[in-house]
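Worksheet: the structure to be examined is printed underneath.
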Amino acid sequence: MAPATGLPATRFDAGFAAWTSLPGMFIDQAAKLGDKPLLRAKRQGSWERLSWREVRARVEAAALGLAALGVKRGDRVCLVAENRPEWLVADLAIMALGAITVPAYTTIGTPDYAHVLRDSGAVLVIVSGPALGRKVFAAAHEVPTCRTLVSIGASNLPSDTKLAVLDWDGMLAGRGALPGAEGDGATLLPPPPDIRGTIADLALDDPACIIYTSGTGGAPKGVVLSHRAVLANCRGAVDVISEIGIGDELFLSCLPLSHAYEHSCGQFFPLTIGAEIAYVEGIDKIGANLQEVKPSIVMVVPRLCEVVQQRMLREVERQPALNQKMFRLALELGRERYKRGGRLPLHKVPLDRLMTRLVREKVQAKLGGRIKGLISGGAALNPEVGIFFAALGFPLLQGYGQTEAAPLISVNRFSNPRHETVGPPVRGCEVRVAPDGELLVRGPNVMLGYWNDPASTERALHDGWLHTGDVGHVDEGGRIVITDRKKDLLVTSGGDNVSPARVEGHLTLEPEIAQAVVCGDRKPYVTAILVPDAEIAREWAQRRGKPETLAELVKDPDFRRLVSDAVDRANRGLSGVERIRKFTLVADPFSMDNGLMTPTLKIKRTLVQGAYREQVEALYE
């Protein structure tokens, strides 16, 4: 499929045509927007704002501080921090010197940090807080190239001859010491005479960042993305949001900035359209923060949408019968409107408007009341979840991408969303389907290659086409439909192809099932590893006077029948070869803490299957 043509012009086109780097874009925007608010973060119980002018001053100070510590063009600087203003400041300051940002997740361990630092050859690492600082400090000590650690906030980490530890605020104020210098406040290297001149020398095809794939298996590889690739993603996103009008938007940043999706679409895209960014306090505070800051656009992952959906449904179950009836009616009308392409029969329109006032507006108020766009990425969104949110008046769009494409490849459109697809390709991005069904992608958003891994680069890129490893097709409307990961497709011993993602999606729509991993490759039938929903399990046990822990309940025959009924309901929507014949119940949820989920909440299917190999094998005896 050729890239989209004939797209309408926008007021942002001149900027994109002129920008040759990400920090150049930021400096240009800051000059225009001055005292307009840019960043918002909660400090000591209250939201504090920084203007474009203030952030620009901090970026330039940080760039001078990093230059004074010896960071130069082409160097790699690792960044390990939760979402916060300093993340954006550090990112832009690194790039402003022609250096390359290397983000790392806050949830990985010391060996993983050592891998990222060693593989990238990072010369300096910026880290926030004492807990992260201790892990990264230990990793940096194993990597000869890493000479300096800059701590955002208190660290209580000692400097030594191998690794200098500096304070972020001190670096911004010019009080840093060179690595290896003795005593505090040693003389700094002369700063570059003109940071903006350094930015002007950057080119679109210069490397901007190396993002290590979180991976659902195997060692992470560093994906090298250029300034051009990230800006191309932002330009594609403009077309999508322009359909609902771009005004004074406020983004809530809640996904990890170390992931390409939030990095490009949750940080740099807002900068290109002059929006404000508010940083969530933590994953457990998203609900409260939504009501406090009232964002208009939020980047989300499917798991977050599923959790919100289940919480909504449970809250409705506790409401009076009339409220439950109105909620169901609002859903029914919304679903019908979606299936009819956005229109209802005229005689149903007044009732639908009434349900908007009585139900939808109240539900929307719980998420701040101003959301005009929820954009889901990072994993496959179950179509029924997308339709659920659409029926309640939330415009939830599913996008598709890969880190290797910076990451945006396609996204649904507000004007005609089709939740069973991931939408048409974004501007400039070409997609074609290989004979074996694999999706191939070409465009300005595609990576420069894998860092220090020419063999993997050669396997992934052929004649400019990125081999995505995803299987799918393009429908008659030009929208991409993803079947599964090429390597994840199961082939039963009978030769039938089964998409685990599709089956797992049906299973987790059932309220009794929180998580599912499907098994059955080279086996006679399909089975599943299931994690029950803890809240439903607890309520079920309370009503029957049974032990409330999942560890006890997964062994209870009556509780197993409850889950079995849920599996039977899910099976009704599946073909014969897809249906779950047997399952095993496990008590421990798959999580980042036990290494069975990625930071974007994707289940590491291969590791889960390995962890429960004995239970799965027993299902085939």
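Here, A, B, ... name the chains of the structure tokens in the order displayed, residue numbers run from 1 inside each chain, and ligands are numbered from 1 in the same displayed order.
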- request: Identify, on the basis of only C-alpha atoms, every residue whose closest approach to Asn416 in chain A does not exceed 12 Å; exclude the query and any residue fewer than 6 positions from it along the same chain; express the result as a ChimeraX atom specification.
  value: /A:240,243-244,337-343,390,395-397,422-424,477,479
task: Name the residues in contact with range 586-594 of chain A at a cut-off of 8 Å, using only C-alpha atoms, excluding same-chain residues fewer than 5 positions from it; report them as a ChimeraX atom specification.
output: /A:107,515,529-532,550-551,554,599,601,603,608
Go through range 348-437 of chain A and flag each residue having an atom no more than 8 Å from range 257-277 of chain A; for those, report the closest pair of atoms plus their distance in Å to one decimal, using only C-alpha atoms, ordered by chain and rising number, as JSON lines.
```
{"residue": "A:Gly377", "atom": "CA", "partner": "A:Tyr261", "partner_atom": "CA", "distance": 7.2}
{"residue": "A:Gly378", "atom": "CA", "partner": "A:Tyr261", "partner_atom": "CA", "distance": 7.0}
{"residue": "A:Thr403", "atom": "CA", "partner": "A:Ala260", "partner_atom": "CA", "distance": 5.6}
{"residue": "A:Ala406", "atom": "CA", "partner": "A:Ala260", "partner_atom": "CA", "distance": 6.1}
{"residue": "A:Pro407", "atom": "CA", "partner": "A:Ala260", "partner_atom": "CA", "distance": 5.9}
{"residue": "A:Leu408", "atom": "CA", "partner": "A:Tyr261", "partner_atom": "CA", "distance": 7.4}
```
query: Any idea what's packed within 7 Å of Gly65 in chain A, counting only C-alpha atoms, ignoring anything in its chain fewer than 6 positions away? Could you give it as a PyMOL selection string?
result: chain A and resi 171-172+174
query: Quick one: DSSP strand (DSSP E) residues in range 64-248 of chain A, as a count of residues only?
result: 34
- request: Considering only C-alpha atoms, return as a PyMOL selection string whatever protein or nucleic-acid residues lie within 12 Å of Glu384 in chain A, sequence-local ones (same chain, fewer than 2 positions apart) excluded.
  value: chain A and resi 302+305-306+309+331+335+338-339+380-382+386-391+396+398+418-421+502+505-510+573
